[in-house]
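Asker: Got a structure for you, run35.csv, holding CSV, C-alpha atoms and all ligand atoms.
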```csv
chain,number,residue,atom,x,y,z
A,937,MET,CA,-40.8,-18.0,-46.2
A,938,ARG,CA,-37.2,-18.7,-45.5
A,939,ASP,CA,-34.6,-16.0,-44.8
A,940,ILE,CA,-31.2,-16.1,-46.4
A,941,PHE,CA,-29.8,-18.3,-43.6
A,942,LYS,CA,-32.6,-20.9,-44.4
A,943,ARG,CA,-34.5,-20.2,-41.2
A,944,GLU,CA,-38.3,-20.6,-41.8
A,945,ILE,CA,-40.1,-17.6,-40.5
A,946,LYS,CA,-43.4,-18.8,-39.0
A,947,TYR,CA,-44.0,-16.5,-36.0
A,948,LEU,CA,-45.1,-12.9,-36.0
A,949,ARG,CA,-45.0,-10.9,-32.7
A,950,ILE,CA,-47.3,-7.9,-32.9
A,951,SER,CA,-46.9,-5.1,-30.4
A,952,LEU,CA,-50.3,-3.5,-30.1
A,953,THR,CA,-49.4,-0.4,-28.0
A,954,GLU,CA,-46.5,1.2,-26.3
A,955,LEU,CA,-48.7,2.2,-23.3
A,956,CYS,CA,-48.9,0.2,-20.2
A,957,ASN,CA,-50.6,0.3,-16.8
A,958,LEU,CA,-47.4,-0.7,-15.1
A,959,ARG,CA,-43.9,0.8,-15.3
A,960,CYS,CA,-41.4,-2.1,-14.9
A,961,ARG,CA,-38.0,-0.7,-14.2
A,962,TYR,CA,-36.2,-2.9,-16.8
A,963,CYS,CA,-38.8,-2.1,-19.5
A,964,MET,CA,-39.9,1.5,-19.5
A,965,PRO,CA,-39.2,4.9,-17.9
A,966,GLU,CA,-41.1,6.0,-14.9
A,967,GLU,CA,-42.9,8.8,-16.7
A,968,GLY,CA,-44.3,6.4,-19.2
A,969,VAL,CA,-44.1,7.1,-22.9
A,970,CYS,CA,-44.7,10.2,-24.8
A,971,LYS,CA,-48.1,9.4,-26.2
A,972,LYS,CA,-48.0,9.2,-30.0
A,973,SER,CA,-50.9,10.4,-32.1
A,974,HIS,CA,-53.5,7.9,-33.3
A,975,GLU,CA,-52.4,8.6,-36.8
A,976,GLU,CA,-48.9,7.2,-36.1
A,977,MET,CA,-50.2,3.9,-34.7
A,978,MET,CA,-51.4,0.8,-36.6
A,979,THR,CA,-55.2,0.6,-37.0
A,980,GLN,CA,-57.1,-2.6,-36.6
A,981,GLU,CA,-57.5,-2.8,-40.3
A,982,GLU,CA,-53.8,-2.5,-40.9
A,983,ILE,CA,-53.0,-5.1,-38.3
A,984,ILE,CA,-55.4,-7.6,-39.9
A,985,ALA,CA,-53.9,-6.8,-43.3
A,986,ALA,CA,-50.4,-7.4,-41.9
A,987,VAL,CA,-51.5,-10.7,-40.4
A,988,LYS,CA,-53.0,-11.8,-43.8
A,989,VAL,CA,-49.8,-11.0,-45.6
A,990,ALA,CA,-47.7,-12.8,-42.9
A,991,ALA,CA,-49.9,-15.8,-43.2
A,992,LYS,CA,-49.6,-15.8,-47.0
A,993,LEU,CA,-45.8,-15.9,-46.5
A,994,GLY,CA,-46.0,-18.9,-44.1
A,995,VAL,CA,-46.5,-17.4,-40.6
A,996,THR,CA,-48.7,-19.7,-38.5
A,997,LYS,CA,-48.3,-18.3,-35.1
A,998,ILE,CA,-49.2,-14.8,-33.8
A,999,ARG,CA,-48.3,-13.3,-30.4
A,1000,LEU,CA,-50.0,-10.1,-29.2
A,1001,THR,CA,-47.8,-8.1,-26.9
A,1002,GLY,CA,-47.0,-4.5,-26.1
A,1003,GLY,CA,-46.8,-2.3,-23.9
A,1004,GLU,CA,-49.7,-3.9,-22.3
A,1005,PRO,CA,-52.0,-5.5,-24.9
A,1006,LEU,CA,-55.0,-5.6,-22.6
A,1007,VAL,CA,-55.1,-1.8,-22.4
A,1008,LYS,CA,-56.2,-1.9,-26.0
A,1009,LYS,CA,-60.0,-1.5,-26.0
A,1010,ASP,CA,-60.5,-3.6,-29.2
A,1011,ILE,CA,-58.4,-6.5,-28.0
A,1012,VAL,CA,-61.2,-9.1,-28.0
A,1013,GLN,CA,-62.4,-8.1,-31.5
A,1014,LEU,CA,-58.8,-8.2,-32.8
A,1015,VAL,CA,-58.2,-11.7,-31.5
A,1016,SER,CA,-61.4,-13.0,-33.1
A,1017,ARG,CA,-60.5,-11.3,-36.4
A,1018,ILE,CA,-57.0,-12.7,-36.4
A,1019,LYS,CA,-58.4,-16.2,-35.6
A,1020,GLU,CA,-60.4,-16.0,-38.9
A,1021,VAL,CA,-57.3,-15.4,-41.0
A,1022,ASN,CA,-56.5,-18.4,-43.2
A,1023,GLY,CA,-53.2,-20.1,-42.1
A,1024,ILE,CA,-53.0,-18.8,-38.6
A,1025,GLU,CA,-53.0,-21.8,-36.3
A,1026,GLU,CA,-52.2,-20.2,-33.0
A,1027,ILE,CA,-52.8,-16.9,-31.3
A,1028,CYS,CA,-50.9,-16.1,-28.1
A,1029,LEU,CA,-50.9,-13.2,-25.7
A,1030,THR,CA,-48.1,-11.8,-23.4
A,1031,THR,CA,-49.6,-9.8,-20.6
A,1032,ASN,CA,-49.0,-8.5,-17.1
A,1033,ALA,CA,-52.3,-10.2,-16.3
A,1034,SER,CA,-53.7,-7.4,-14.1
A,1035,LEU,CA,-56.7,-6.9,-16.5
A,1036,LEU,CA,-57.2,-10.6,-17.2
A,1037,PRO,CA,-60.0,-11.1,-14.7
A,1038,LYS,CA,-62.0,-8.7,-16.9
A,1039,TYR,CA,-61.0,-10.2,-20.3
A,1040,ALA,CA,-60.0,-13.9,-19.9
A,1041,ALA,CA,-63.4,-15.4,-20.7
A,1042,ASP,CA,-64.1,-13.2,-23.7
A,1043,LEU,CA,-60.5,-13.8,-25.0
A,1044,LYS,CA,-61.0,-17.5,-24.8
A,1045,LYS,CA,-64.3,-17.2,-26.7
A,1046,ALA,CA,-62.7,-15.1,-29.3
A,1047,GLY,CA,-60.2,-17.9,-29.9
A,1048,LEU,CA,-57.0,-17.0,-27.9
A,1049,ASP,CA,-55.0,-20.1,-27.5
A,1050,ARG,CA,-52.2,-19.4,-25.0
A,1051,ILE,CA,-51.3,-16.8,-22.4
A,1052,ASN,CA,-47.8,-15.8,-21.1
A,1053,ILE,CA,-47.9,-13.8,-17.9
A,1054,SER,CA,-45.1,-11.7,-16.5
A,1055,LEU,CA,-44.4,-12.2,-12.8
A,1056,ASP,CA,-40.9,-11.5,-11.4
A,1057,THR,CA,-41.6,-11.9,-7.6
A,1058,LEU,CA,-44.0,-13.3,-5.2
A,1059,ASN,CA,-43.4,-10.6,-2.6
A,1060,PRO,CA,-46.0,-7.7,-2.7
A,1061,ASP,CA,-43.4,-5.0,-1.7
A,1062,LYS,CA,-40.9,-6.2,-4.3
A,1063,PHE,CA,-43.7,-6.4,-6.9
A,1064,LYS,CA,-44.6,-2.8,-6.2
A,1065,PHE,CA,-40.9,-1.8,-6.4
A,1066,ILE,CA,-40.1,-3.5,-9.7
A,1067,THR,CA,-43.4,-2.4,-11.4
A,1068,ARG,CA,-43.3,1.0,-9.7
A,1069,VAL,CA,-47.1,1.1,-9.5
A,1070,GLY,CA,-48.5,-2.5,-9.6
A,1071,GLU,CA,-50.1,-4.8,-7.1
A,1072,LEU,CA,-49.1,-8.4,-6.8
A,1073,LYS,CA,-52.6,-9.5,-6.0
A,1074,ASP,CA,-53.9,-8.2,-9.4
A,1075,THR,CA,-51.4,-10.3,-11.3
A,1076,LEU,CA,-52.1,-13.3,-9.2
A,1077,ALA,CA,-55.8,-12.8,-9.8
A,1078,GLY,CA,-55.0,-12.7,-13.5
A,1079,ILE,CA,-53.2,-16.0,-13.3
A,1080,ASP,CA,-56.2,-17.6,-11.5
A,1081,ALA,CA,-58.5,-16.1,-14.1
A,1082,ALA,CA,-56.4,-17.7,-17.0
A,1083,LEU,CA,-56.3,-21.1,-15.3
A,1084,ASN,CA,-60.0,-21.0,-14.4
A,1085,THR,CA,-61.0,-20.1,-17.9
A,1086,GLY,CA,-59.4,-23.2,-19.2
A,1087,PHE,CA,-56.5,-22.0,-21.3
A,1088,LYS,CA,-54.5,-25.0,-22.4
A,1089,LYS,CA,-51.2,-23.5,-21.6
A,1090,VAL,CA,-50.4,-20.7,-19.2
A,1091,LYS,CA,-46.8,-19.7,-18.8
A,1092,ILE,CA,-45.2,-17.4,-16.3
A,1093,ASN,CA,-42.3,-15.3,-17.4
A,1094,SER,CA,-39.8,-14.1,-14.8
A,1095,VAL,CA,-37.0,-11.8,-15.7
A,1096,LEU,CA,-33.9,-12.9,-13.7
A,1097,ILE,CA,-32.4,-9.9,-11.9
A,1098,GLY,CA,-29.4,-10.5,-9.7
A,1099,GLY,CA,-29.8,-8.8,-6.3
A,1100,PHE,CA,-33.6,-8.6,-6.8
A,1101,ASN,CA,-35.2,-12.0,-7.3
A,1102,ASP,CA,-32.3,-14.5,-7.4
A,1103,ASP,CA,-33.4,-15.4,-3.9
A,1104,GLU,CA,-36.9,-16.3,-5.1
A,1105,ILE,CA,-35.8,-18.6,-8.0
A,1106,VAL,CA,-36.9,-21.8,-6.2
A,1107,ASP,CA,-40.1,-20.2,-4.9
A,1108,LEU,CA,-41.0,-19.2,-8.5
A,1109,ALA,CA,-39.9,-22.6,-9.9
A,1110,ASN,CA,-42.0,-24.3,-7.2
A,1111,LEU,CA,-45.2,-22.8,-8.8
A,1112,THR,CA,-44.8,-25.7,-11.3
A,1113,LEU,CA,-45.4,-28.1,-8.4
A,1114,LYS,CA,-48.6,-26.3,-7.3
A,1115,GLN,CA,-50.4,-25.4,-10.5
A,1116,PRO,CA,-50.2,-26.3,-14.2
A,1117,THR,CA,-48.2,-23.2,-15.2
A,1118,ASP,CA,-44.8,-23.4,-16.8
A,1119,VAL,CA,-42.3,-21.0,-15.3
A,1120,ARG,CA,-39.7,-19.5,-17.7
A,1121,PHE,CA,-36.7,-17.5,-16.5
A,1122,ILE,CA,-35.6,-14.9,-18.9
A,1123,GLU,CA,-32.2,-13.3,-18.7
A,1124,LEU,CA,-32.3,-9.5,-18.2
A,1125,MET,CA,-31.6,-7.8,-21.5
A,1126,PRO,CA,-29.7,-4.5,-21.5
A,1127,MET,CA,-32.2,-2.4,-23.5
A,1128,TYR,CA,-32.0,1.2,-24.7
A,1129,ASP,CA,-32.5,3.3,-21.6
A,1130,SER,CA,-34.5,0.9,-19.4
A,1131,GLY,CA,-33.6,0.7,-15.7
A,1132,ASP,CA,-30.0,1.3,-14.8
A,1133,PHE,CA,-29.4,-2.1,-13.2
A,1134,GLY,CA,-25.8,-2.6,-12.1
A,1135,LYS,CA,-23.5,-5.3,-13.6
A,1136,ASP,CA,-24.4,-7.8,-10.9
A,1137,ALA,CA,-28.1,-7.8,-12.0
A,1138,PHE,CA,-27.1,-9.6,-15.2
A,1139,ILE,CA,-27.0,-13.3,-14.2
A,1140,PRO,CA,-27.0,-16.3,-16.5
A,1141,SER,CA,-30.1,-18.5,-16.5
A,1142,THR,CA,-28.0,-21.6,-15.5
A,1143,VAL,CA,-28.1,-20.4,-11.9
A,1144,VAL,CA,-31.7,-21.5,-11.9
A,1145,ILE,CA,-30.8,-25.2,-12.2
A,1146,GLU,CA,-28.0,-24.8,-9.6
A,1147,LYS,CA,-30.3,-23.2,-7.1
A,1148,ILE,CA,-33.0,-25.8,-7.5
A,1149,LYS,CA,-30.5,-28.6,-7.1
A,1150,GLU,CA,-29.0,-26.9,-4.0
A,1151,VAL,CA,-32.4,-26.7,-2.3
A,1152,TYR,CA,-33.6,-30.2,-3.2
A,1153,ARG,CA,-30.2,-32.0,-2.6
A,1154,GLY,CA,-30.7,-35.1,-0.4
A,1155,LYS,CA,-34.5,-35.3,-1.1
A,1156,PHE,CA,-34.0,-37.8,-3.9
A,1157,GLU,CA,-31.7,-40.8,-4.3
A,1158,ASN,CA,-29.6,-39.1,-7.0
A,1159,ASP,CA,-29.0,-35.4,-7.8
A,1160,ASP,CA,-29.9,-36.2,-11.4
A,1161,ASP,CA,-33.4,-37.1,-10.3
A,1162,ILE,CA,-34.1,-33.6,-8.9
A,1163,ILE,CA,-34.6,-31.8,-12.2
A,1164,LYS,CA,-34.3,-33.2,-15.7
A,1165,GLU,CA,-34.1,-31.6,-19.1
A,1166,VAL,CA,-37.2,-32.5,-21.0
A,1167,THR,CA,-36.7,-31.3,-24.6
A,1168,HIS,CA,-35.2,-28.6,-26.6
A,1169,LYS,CA,-37.9,-28.0,-29.2
A,1170,PRO,CA,-36.8,-26.9,-32.7
A,1171,GLY,CA,-37.7,-23.3,-33.1
A,1172,GLY,CA,-38.1,-23.0,-29.4
A,1173,VAL,CA,-35.9,-20.4,-27.6
A,1174,ALA,CA,-36.0,-22.0,-24.2
A,1175,ARG,CA,-34.3,-25.0,-22.7
A,1176,ILE,CA,-37.0,-27.0,-20.9
A,1177,TYR,CA,-36.7,-28.8,-17.6
A,1178,ARG,CA,-39.0,-30.5,-15.1
A,1179,ILE,CA,-38.7,-30.7,-11.4
A,1180,ASN,CA,-39.4,-34.2,-10.1
A,1181,GLY,CA,-43.1,-34.5,-9.4
A,1182,ALA,CA,-44.1,-31.2,-11.0
A,1183,MET,CA,-47.2,-30.6,-13.2
A,1184,ALA,CA,-45.4,-28.2,-15.5
A,1185,ASP,CA,-42.0,-27.2,-16.8
A,1186,VAL,CA,-39.2,-24.8,-15.9
A,1187,GLY,CA,-37.7,-23.0,-18.9
A,1188,LEU,CA,-34.5,-21.1,-19.3
A,1189,ILE,CA,-34.3,-18.3,-21.9
A,1190,SER,CA,-30.7,-17.4,-22.2
A,1191,ALA,CA,-31.0,-14.4,-24.6
A,1192,VAL,CA,-27.8,-12.9,-23.2
A,1193,SER,CA,-25.5,-15.7,-22.2
A,1194,ASN,CA,-26.2,-18.0,-25.1
A,1195,HIS,CA,-28.2,-16.4,-27.8
A,1196,PHE,CA,-30.5,-18.6,-30.0
A,1197,CYS,CA,-30.3,-16.7,-33.2
A,1198,SER,CA,-29.7,-19.8,-35.4
A,1199,GLU,CA,-33.2,-21.0,-34.3
A,1200,CYS,CA,-34.9,-17.7,-34.6
A,1201,ASN,CA,-38.1,-18.1,-36.6
A,1202,ARG,CA,-39.7,-14.8,-35.8
A,1203,ILE,CA,-40.3,-11.3,-37.0
A,1204,ARG,CA,-41.7,-8.4,-35.1
A,1205,LEU,CA,-44.2,-5.6,-35.9
A,1206,THR,CA,-44.2,-2.5,-33.6
A,1207,ALA,CA,-47.3,-0.6,-32.6
A,1208,ASP,CA,-46.2,2.3,-34.9
A,1209,GLY,CA,-46.1,0.0,-37.9
A,1210,LYS,CA,-42.5,-1.0,-38.3
A,1211,LEU,CA,-41.2,-4.5,-39.0
A,1212,LYS,CA,-38.2,-5.4,-37.0
A,1213,PRO,CA,-36.2,-8.2,-38.5
A,1214,CYS,CA,-34.2,-8.6,-35.2
A,1215,LEU,CA,-35.1,-7.7,-31.7
A,1216,HIS,CA,-31.6,-6.2,-31.0
A,1217,SER,CA,-31.0,-4.4,-34.2
A,1218,ASN,CA,-32.2,-0.9,-35.1
A,1219,GLN,CA,-33.3,-1.8,-38.5
A,1220,GLU,CA,-37.0,-1.0,-39.0
A,1221,ILE,CA,-39.2,-1.2,-42.1
A,1222,LEU,CA,-42.3,0.9,-42.2
A,1223,ILE,CA,-45.5,-0.8,-43.3
A,1224,LYS,CA,-48.1,1.7,-41.8
A,1225,GLY,CA,-50.2,3.3,-44.5
A,1226,LEU,CA,-49.5,0.6,-47.1
A,1227,ASP,CA,-52.0,-1.6,-48.9
A,1228,GLU,CA,-51.6,-5.4,-48.7
A,1229,LYS,CA,-49.6,-5.7,-51.9
A,1230,ALA,CA,-47.0,-3.1,-50.8
A,1231,MET,CA,-47.0,-4.6,-47.3
A,1232,GLU,CA,-46.1,-8.0,-48.8
A,1233,GLU,CA,-43.0,-6.5,-50.5
A,1234,LYS,CA,-41.9,-5.0,-47.1
A,1235,PHE,CA,-42.5,-8.3,-45.3
A,1236,ARG,CA,-40.3,-10.0,-47.8
A,1237,GLU,CA,-37.7,-7.3,-47.5
A,1238,ALA,CA,-37.8,-7.6,-43.6
A,1239,ILE,CA,-37.4,-11.4,-43.7
A,1240,LEU,CA,-34.5,-11.3,-46.1
A,1241,ALA,CA,-32.9,-8.6,-43.9
A,1242,LYS,CA,-32.8,-10.8,-40.8
A,1243,PRO,CA,-29.2,-10.8,-39.7
A,1244,GLU,CA,-27.5,-14.1,-39.0
A,1245,LYS,CA,-27.2,-13.1,-35.3
A,1246,HIS,CA,-27.2,-10.1,-33.1
A,1247,ASP,CA,-24.1,-8.7,-31.4
A,1248,VAL,CA,-23.1,-10.0,-28.0
A,1249,LEU,CA,-25.2,-8.4,-25.2
A,1250,SER,CA,-23.9,-7.5,-21.8
A,1251,TYR,CA,-24.0,-4.8,-19.2
A,1252,GLU,CA,-21.2,-3.0,-21.1
A,1253,SER,CA,-22.6,-3.7,-24.6
A,1254,ARG,CA,-26.3,-2.8,-24.7
A,1255,SER,CA,-28.9,-3.8,-27.3
A,1256,HIS,CA,-28.7,-1.8,-30.5
A,1257,ALA,CA,-32.5,-1.8,-30.7
A,1258,GLU,CA,-32.7,1.9,-29.9
A,1259,ARG,CA,-36.1,1.3,-28.3
A,1260,ASN,CA,-37.2,0.2,-24.8
A,1261,MET,CA,-38.9,-3.2,-24.5
A,1262,ASN,CA,-42.4,-1.7,-24.2
A,1263,GLN,CA,-41.9,-0.2,-27.7
A,1264,ILE,CA,-40.9,-3.6,-29.1
A,1265,GLY,CA,-42.9,-6.2,-27.3
A,1266,GLY,CA,-40.2,-8.5,-25.9
B,1301,LIG,N1,-46.9,-6.0,-20.8
B,1301,LIG,C1,-46.8,-7.4,-21.2
B,1301,LIG,C2,-46.0,-8.2,-20.1
B,1301,LIG,O1,-45.3,-7.6,-19.3
B,1301,LIG,O2,-46.0,-9.4,-20.2
B,1301,LIG,C3,-46.2,-7.6,-22.5
B,1301,LIG,C4,-45.1,-6.7,-23.0
B,1301,LIG,S1,-43.5,-6.9,-22.1
B,1301,LIG,C5,-42.5,-5.8,-23.0
B,1301,LIG,C6,-43.0,-8.5,-22.8
B,1301,LIG,C7,-42.0,-9.2,-22.0
B,1301,LIG,O3,-40.7,-8.5,-22.1
B,1301,LIG,C8,-42.3,-9.4,-20.5
B,1301,LIG,O4,-42.2,-10.8,-20.2
B,1301,LIG,C9,-41.2,-8.6,-19.8
B,1301,LIG,O5,-40.8,-9.2,-18.6
B,1301,LIG,C10,-40.1,-8.7,-20.9
B,1301,LIG,N2,-39.0,-7.7,-20.7
B,1301,LIG,C11,-39.2,-6.3,-20.7
B,1301,LIG,N3,-38.0,-5.7,-20.6
B,1301,LIG,C12,-37.1,-6.7,-20.5
B,1301,LIG,C13,-35.7,-6.7,-20.4
B,1301,LIG,N4,-35.0,-5.5,-20.3
B,1301,LIG,N5,-35.0,-7.9,-20.3
B,1301,LIG,C14,-35.7,-9.0,-20.4
B,1301,LIG,N6,-37.1,-9.1,-20.6
B,1301,LIG,C15,-37.7,-7.9,-20.6
B,1302,LIG,FE1,-45.6,-3.0,-18.9
B,1302,LIG,FE2,-44.9,-5.4,-19.6
B,1302,LIG,FE3,-43.1,-3.5,-19.7
B,1302,LIG,FE4,-43.9,-4.3,-17.3
B,1302,LIG,S1,-42.8,-5.5,-18.8
B,1302,LIG,S2,-43.8,-2.1,-18.0
B,1302,LIG,S3,-46.0,-4.8,-17.7
B,1302,LIG,S4,-44.9,-3.6,-20.9
```
Written as structure tokens, how would this file's structure read?
Answerer:
Amino acid sequence: MRDIFKREIKYLRISLTELCNLRCRYCMPEEGVCKKSHEEMMTQEEIIAAVKVAAKLGVTKIRLTGGEPLVKKDIVQLVSRIKEVNGIEEICLTTNASLLPKYAADLKKAGLDRINISLDTLNPDKFKFITRVGELKDTLAGIDAALNTGFKKVKINSVLIGGFNDDEIVDLANLTLKQPTDVRFIELMPMYDSGDFGKDAFIPSTVVIEKIKEVYRGKFENDDDIIKEVTHKPGGVARIYRINGAMADVGLISAVSNHFCSECNRIRLTADGKLKPCLHSNQEILIKGLDEKAMEEKFREAILAKPEKHDVLSYESRSHAERNMNQIGG
């Protein structure tokens, strides 16, 4: 189905839970979330009904996110049931990967197609700092598990944070030379009350290319040979580059410095059953408790309510989402 700005909505991101086994400073408060009752959250049946309705309206791609989707006990069953829904061509997962060694093989068998893994630093102390409680080795083991299980595309997502990991940009990008994982740098988004990072933390993703060129200068005949833009896929939100000789791509997601609303083909469903037409707006449409027919009406309403674009985001002008990222799914 198309929205009123003629964008075809083909992608549904489903947040399965607000809970997480980590506490990333830019994503959620240290104390975690006030646990909502089971009755407030979408059941597996309701999620499947929502996927069927979305597929009927033209959605072909589903991403499962959270919070941490792998803390959901029924995650494998959910993937296999979504896989059976007519019209769904691709199921993807966004995860911190710490539980992937346990689940990767079963998820693959259930039909999961792609995995995105969040990793902001390669330094164990910095990893502990940014996640408050996590261990780098667990996420690295999760990346290995995903690669060894044979997922066709494993992407690493790194949130760019000035003063925290801008000195590791090239190390993170160099992962694409060592293993077949794309690395995508995501600009830090100023969400509801997530981490009070200072103004200098908000850096544009273009610094990634500058830093890579700086480090590789002189190693190739021309500067232009160091890193090249590969494609800018329609409907894709990233600009894609490849370092000379790499096995995978470096992507830039400039959600803050250069938003991509005109290419937005997605809609979001929160774990407490609300459709969000736009990540950065506070508009929410409740579908929990509805049957498929009533859900379809609400999906249509949400798609037609997609704004043309969200307001400019910056340190001074925060997202209007009125939720932290763990309550939306990224
Ligand atoms: N727990 C999973 C994970 O970390 O991949 C999935 C949920 S997490 C909310 C989804 C994505 O949102 C992650 O890649 C995370 O880095 C990103 N994210 C969270 N807060 C963010 C913020 N303030 N700005 C930019 N990205 C953010
Ligand atoms: Fe958890 Fe992902 Fe948020 Fe980190 S970014 S706290 S892993 S939901």
Asker: Please list as an NGL selection string every residue within 7 Å of region 1206-1218 of chain A, counting all atoms listed in the file and excluding residues in the same chain fewer than 4 positions away.
Answerer: :A and (950-954 or 976-978 or 1222-1224 or 1238-1239 or 1241-1242 or 1246 or 1255-1258 or 1263-1264)
Asker: Restrict the selected residues to C-alpha atoms and save them as a compact mmCIF listing (two decimals), in the coordinates of the input.
Answerer:
```
# COMPACT_ATOMS: atom_id res chain seq x y z
CA ILE A 950 -47.30 -7.90 -32.90
CA SER A 951 -46.90 -5.10 -30.40
CA LEU A 952 -50.30 -3.50 -30.10
CA THR A 953 -49.40 -0.40 -28.00
CA GLU A 954 -46.50 1.20 -26.30
CA GLU A 976 -48.90 7.20 -36.10
CA MET A 977 -50.20 3.90 -34.70
CA MET A 978 -51.40 0.80 -36.60
CA LEU A 1222 -42.30 0.90 -42.20
CA ILE A 1223 -45.50 -0.80 -43.30
CA LYS A 1224 -48.10 1.70 -41.80
CA ALA A 1238 -37.80 -7.60 -43.60
CA ILE A 1239 -37.40 -11.40 -43.70
CA ALA A 1241 -32.90 -8.60 -43.90
CA LYS A 1242 -32.80 -10.80 -40.80
CA HIS A 1246 -27.20 -10.10 -33.10
CA SER A 1255 -28.90 -3.80 -27.30
CA HIS A 1256 -28.70 -1.80 -30.50
CA ALA A 1257 -32.50 -1.80 -30.70
CA GLU A 1258 -32.70 1.90 -29.90
CA GLN A 1263 -41.90 -0.20 -27.70
CA ILE A 1264 -40.90 -3.60 -29.10
```
Asker: Using only the atoms of ligand LIG 1302 (chain B) listed in the file, plus 8 Å on each side, state the axis-aligned box centre and edge lengths in Å rounded to one decimal, as AutoDock Vina command-line options.
Answerer:
```
--center_x -44.4 --center_y -3.8 --center_z -19.1 --size_x 19.2 --size_y 19.4 --size_z 19.6
```
Asker: Between CA of Val987 (chain A) and CA of Asp1042 (chain A), what is the distance in Å, rounded to a tenth?
Answerer: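 So the two atoms, CA of Val987 (chain A) and CA of Asp1042 (chain A), lie 21.1 Å apart.
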Asker: Compile a residue-level contact table for chain A against ligand LIG 1302 (chain B) at a cut-off of 8 Å, reporting for every qualifying residue the shortest atom pair and its distance in Å to one decimal, with all atoms listed in the file counted, rows ordered by chain and ascending number, as CSV.
Answerer:
```
residue,atom,partner,partner_atom,distance
A:Glu954,CA,B:LIG1302,S4,7.4
A:Leu955,CA,B:LIG1302,S4,7.3
A:Cys956,CA,B:LIG1302,FE1,4.8
A:Asn957,CA,B:LIG1302,FE1,6.3
A:Leu958,CA,B:LIG1302,FE1,4.8
A:Arg959,CA,B:LIG1302,S2,4.0
A:Cys960,CA,B:LIG1302,S2,3.9
A:Arg961,CA,B:LIG1302,S2,7.1
A:Tyr962,CA,B:LIG1302,S1,7.4
A:Cys963,CA,B:LIG1302,FE3,4.5
A:Met964,CA,B:LIG1302,S2,5.5
A:Gly1002,CA,B:LIG1302,S4,5.7
A:Gly1003,CA,B:LIG1302,S4,3.8
A:Glu1004,CA,B:LIG1302,S4,5.0
A:Thr1031,CA,B:LIG1302,FE2,6.5
A:Asn1032,CA,B:LIG1302,S3,4.8
A:Ser1054,CA,B:LIG1302,S1,7.0
A:Thr1067,CA,B:LIG1302,FE4,6.2
A:Met1261,CA,B:LIG1302,FE3,6.4
A:Asn1262,CA,B:LIG1302,S4,4.6
A:Gly1265,CA,B:LIG1302,S4,7.2
```
Asker: Of the candidates A:Phe1138, A:Tyr1177, A:Phe1235, A:Tyr1039, which one gets nearest to ligand LIG 1301 (chain B) if we count only C-alpha atoms and all ligand atoms?
Answerer: A:Phe1138
Asker: Considering only C-alpha atoms, return as a list in words whatever protein or nucleic-acid residues lie within 10 Å of Asn1110 (chain A), sequence-local ones (same chain, fewer than 4 positions apart) excluded.
Answerer: Glu1104, Ile1105, Val1106, Lys1114, Gln1115, Val1119, Ile1148, Ile1179, Ala1182, Ala1184 and Val1186 of chain A
Asker: Given the selection you just returned, output its residues as a file containing C-alpha atoms, formatted as an mmCIF file, in the frame of the given file.
Answerer:
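Result saved to result-v5.cif:
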```
data_model
loop_
_atom_site.group_PDB
_atom_site.id
_atom_site.type_symbol
_atom_site.label_atom_id
_atom_site.label_comp_id
_atom_site.auth_asym_id
_atom_site.auth_seq_id
_atom_site.Cartn_x
_atom_site.Cartn_y
_atom_site.Cartn_z
ATOM 1 C CA GLU A 1104 -36.900 -16.300 -5.100
ATOM 2 C CA ILE A 1105 -35.800 -18.600 -8.000
ATOM 3 C CA VAL A 1106 -36.900 -21.800 -6.200
ATOM 4 C CA LYS A 1114 -48.600 -26.300 -7.300
ATOM 5 C CA GLN A 1115 -50.400 -25.400 -10.500
ATOM 6 C CA VAL A 1119 -42.300 -21.000 -15.300
ATOM 7 C CA ILE A 1148 -33.000 -25.800 -7.500
ATOM 8 C CA ILE A 1179 -38.700 -30.700 -11.400
ATOM 9 C CA ALA A 1182 -44.100 -31.200 -11.000
ATOM 10 C CA ALA A 1184 -45.400 -28.200 -15.500
ATOM 11 C CA VAL A 1186 -39.200 -24.800 -15.900
#
```
Asker: For CA of Lys946 (chain A) and CA of Ile998 (chain A), determine how far apart the two atoms are, in Å to one decimal place.
Answerer: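 Between CA of Lys946 (chain A) and CA of Ile998 (chain A) the gap works out to 8.8 Å.
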Asker: Give me, please, the distance in Å between CA of Arg999 (chain A) and CA of Ile1097 (chain A), quoted to one decimal.
Answerer: 24.6 Å
Asker: Between A:Val1144, A:Leu1006, A:Val1015, A:Ile1139, which has the minimum distance to Leu1108 (chain A) (counting all atoms listed in the file)?
Answerer: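 For Leu1108 (chain A), the nearest of the given residues is A:Val1144.
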Asker: If we count only C-alpha atoms, what is near Leu1240 (chain A) at a cut-off of 10 Å, once residues fewer than 2 positions away on the same chain are taken out, given as a PyMOL selection string?
Answerer: chain A and resi 937-942+1213+1234-1238+1242-1243
Asker: Quick one: of A:Gly1070, A:Gly1086, A:Gly1187, A:Pro1005, who's nearest to Ile1122 (chain A), counting only C-alpha atoms?
Answerer: A:Gly1187
Asker: Excluding Glu1071 (chain A) and any residue of its chain fewer than 5 positions from it, enumerate the residues within 8 Å of it, using all atoms listed in the file, and give them as a PDB file with C-alpha atoms, in the coordinates of the input.
Answerer:
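Output file out.pdb is given in full below:
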```pdb
ATOM      1  CA  PRO A1060     -46.000  -7.700  -2.700  1.00  0.00           C
ATOM      2  CA  PHE A1063     -43.700  -6.400  -6.900  1.00  0.00           C
ATOM      3  CA  LYS A1064     -44.600  -2.800  -6.200  1.00  0.00           C
TER       4      LYS A1064
END
```
Asker: Can you work out which one of A:Arg949, A:Lys1088, A:Lys1009, A:Lys972 has the shortest atom-to-atom distance to ligand LIG 1301 (chain B), counting all atoms listed in the file?
Answerer: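 Between A:Arg949, A:Lys1088, A:Lys1009, A:Lys972, the residue approaching ligand LIG 1301 (chain B) most closely is A:Arg949.
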